[in-house]
Amino acid sequence: MESRASNDRLPYPQVVVRVIERPSSATALVYWSDPVTCHYGYQGWRATTANAEGICSLSGMPIHHGDQVYRPSQRDPKPHNAAAMILAAAMPKKSEEVEFDLHD
């Protein structure tokens, strides 16, 4: 995997992201902890297409409109990290735990 972007480019500079489980190829359970905005222990994420530019919360790589990404599952109320995205290419394929502490 390519190196992550510097913290000043990250949309969530203090976030800790762990992919806990991959129930299917289109879903993931993600641990998300941001001391500034929110904490989700087992948040469901789903595969989709990026509808805006952004930065991958797992790798720090740029995301372009139309890229394959994972996003938090939408529910009511909308999660605080609803705009977050993980590039599909950065998502582990197996049900292995991957941790990135992007503020290190």
# chains A, B, ... in the order shown; residues from 1 in each chain; ligands from 1
>>> select_by_dssp(residues="range 13-96 of chain A", states="strand (DSSP E)", output="ChimeraX atom specification")
/A:16-24,27-34,38-49,54-55,62-63,68-72,86-87
>>> closest_residue(among="A:Cys38, A:Ala82, A:Trp45, A:Ser57", to="Ser24 in chain A", atoms="only C-alpha atoms")
A:Trp45
>>> atom_distance(atom1="CA of Arg18 in chain A", atom2="CA of Gln43 in chain A")
10.3 Å
>>> residues_around(residues="Ile63 in chain A", least_positions_apart="3", cutoff="10 Å", atoms="only C-alpha atoms", output="ChimeraX atom specification")
/A:50-57,60,66-69,85-87
>>> write_last_selection(atoms="C-alpha atoms", output="short mmCIF file (atom, residue, chain, number, x, y, z; two decimals), in the first residue's frame")
data_model
loop_
_atom_site.label_atom_id
_atom_site.label_comp_id
_atom_site.auth_asym_id
_atom_site.auth_seq_id
_atom_site.Cartn_x
_atom_site.Cartn_y
_atom_site.Cartn_z
CA ALA A 50 -17.76 8.45 -4.71
CA ASN A 51 -19.99 11.37 -5.59
CA ALA A 52 -17.38 13.95 -4.55
CA GLU A 53 -13.64 14.44 -4.26
CA GLY A 54 -12.07 13.45 -0.96
CA ILE A 55 -9.29 11.70 0.92
CA CYS A 56 -9.29 8.03 1.93
CA SER A 57 -9.68 7.78 5.70
CA GLY A 60 -4.75 9.09 2.97
CA GLY A 66 -16.54 8.06 -9.60
CA ASP A 67 -13.97 6.03 -7.61
CA GLN A 68 -15.14 2.86 -5.91
CA VAL A 69 -15.30 3.55 -2.17
CA MET A 85 -14.76 7.44 2.56
CA ILE A 86 -12.34 4.53 2.24
CA LEU A 87 -11.03 3.65 -1.22
#
>>> residues_around(residues="Ala28 in chain A", least_positions_apart="5", cutoff="9 Å", atoms="only C-alpha atoms", output="list in words")
Val19, Ile20, Glu21, Arg22, Pro23, Gln43, Gly44, Trp45, Arg46, Ala47, Tyr70, Met91 and Ser95 of chain A
>>> write_last_selection(atoms="N, CA and C atoms", output="short mmCIF file (atom, residue, chain, number, x, y, z; two decimals), in the first residue's frame")
data_model
loop_
_atom_site.label_atom_id
_atom_site.label_comp_id
_atom_site.auth_asym_id
_atom_site.auth_seq_id
_atom_site.Cartn_x
_atom_site.Cartn_y
_atom_site.Cartn_z
N VAL A 19 -10.37 -1.70 10.39
CA VAL A 19 -11.32 -2.57 9.70
C VAL A 19 -11.38 -3.84 10.53
N ILE A 20 -12.52 -4.06 11.16
CA ILE A 20 -12.67 -5.17 12.10
C ILE A 20 -13.07 -6.45 11.40
N GLU A 21 -14.00 -6.33 10.46
CA GLU A 21 -14.53 -7.52 9.82
C GLU A 21 -15.02 -7.18 8.42
N ARG A 22 -14.97 -8.17 7.53
CA ARG A 22 -15.51 -8.05 6.18
C ARG A 22 -16.59 -9.11 5.99
N PRO A 23 -17.85 -8.80 6.40
CA PRO A 23 -18.92 -9.79 6.26
C PRO A 23 -19.17 -10.20 4.81
N GLN A 43 -19.15 0.10 13.29
CA GLN A 43 -19.96 0.85 12.33
C GLN A 43 -19.99 0.12 10.99
N GLY A 44 -21.19 -0.06 10.45
CA GLY A 44 -21.32 -0.69 9.14
C GLY A 44 -20.98 0.27 8.01
N TRP A 45 -20.15 -0.19 7.08
CA TRP A 45 -19.81 0.58 5.88
C TRP A 45 -20.20 -0.25 4.66
N ARG A 46 -20.60 0.43 3.58
CA ARG A 46 -21.04 -0.24 2.35
C ARG A 46 -20.30 0.30 1.13
N ALA A 47 -20.12 -0.58 0.17
CA ALA A 47 -19.48 -0.19 -1.09
C ALA A 47 -20.42 0.70 -1.89
N TYR A 70 -15.94 2.85 0.04
CA TYR A 70 -16.85 2.42 1.10
C TYR A 70 -17.18 3.66 1.91
N MET A 91 -9.23 -1.10 1.07
CA MET A 91 -9.97 -1.95 1.99
C MET A 91 -9.39 -3.36 1.94
N SER A 95 -11.14 -10.92 6.14
CA SER A 95 -11.63 -10.49 7.43
C SER A 95 -10.47 -10.41 8.42
#
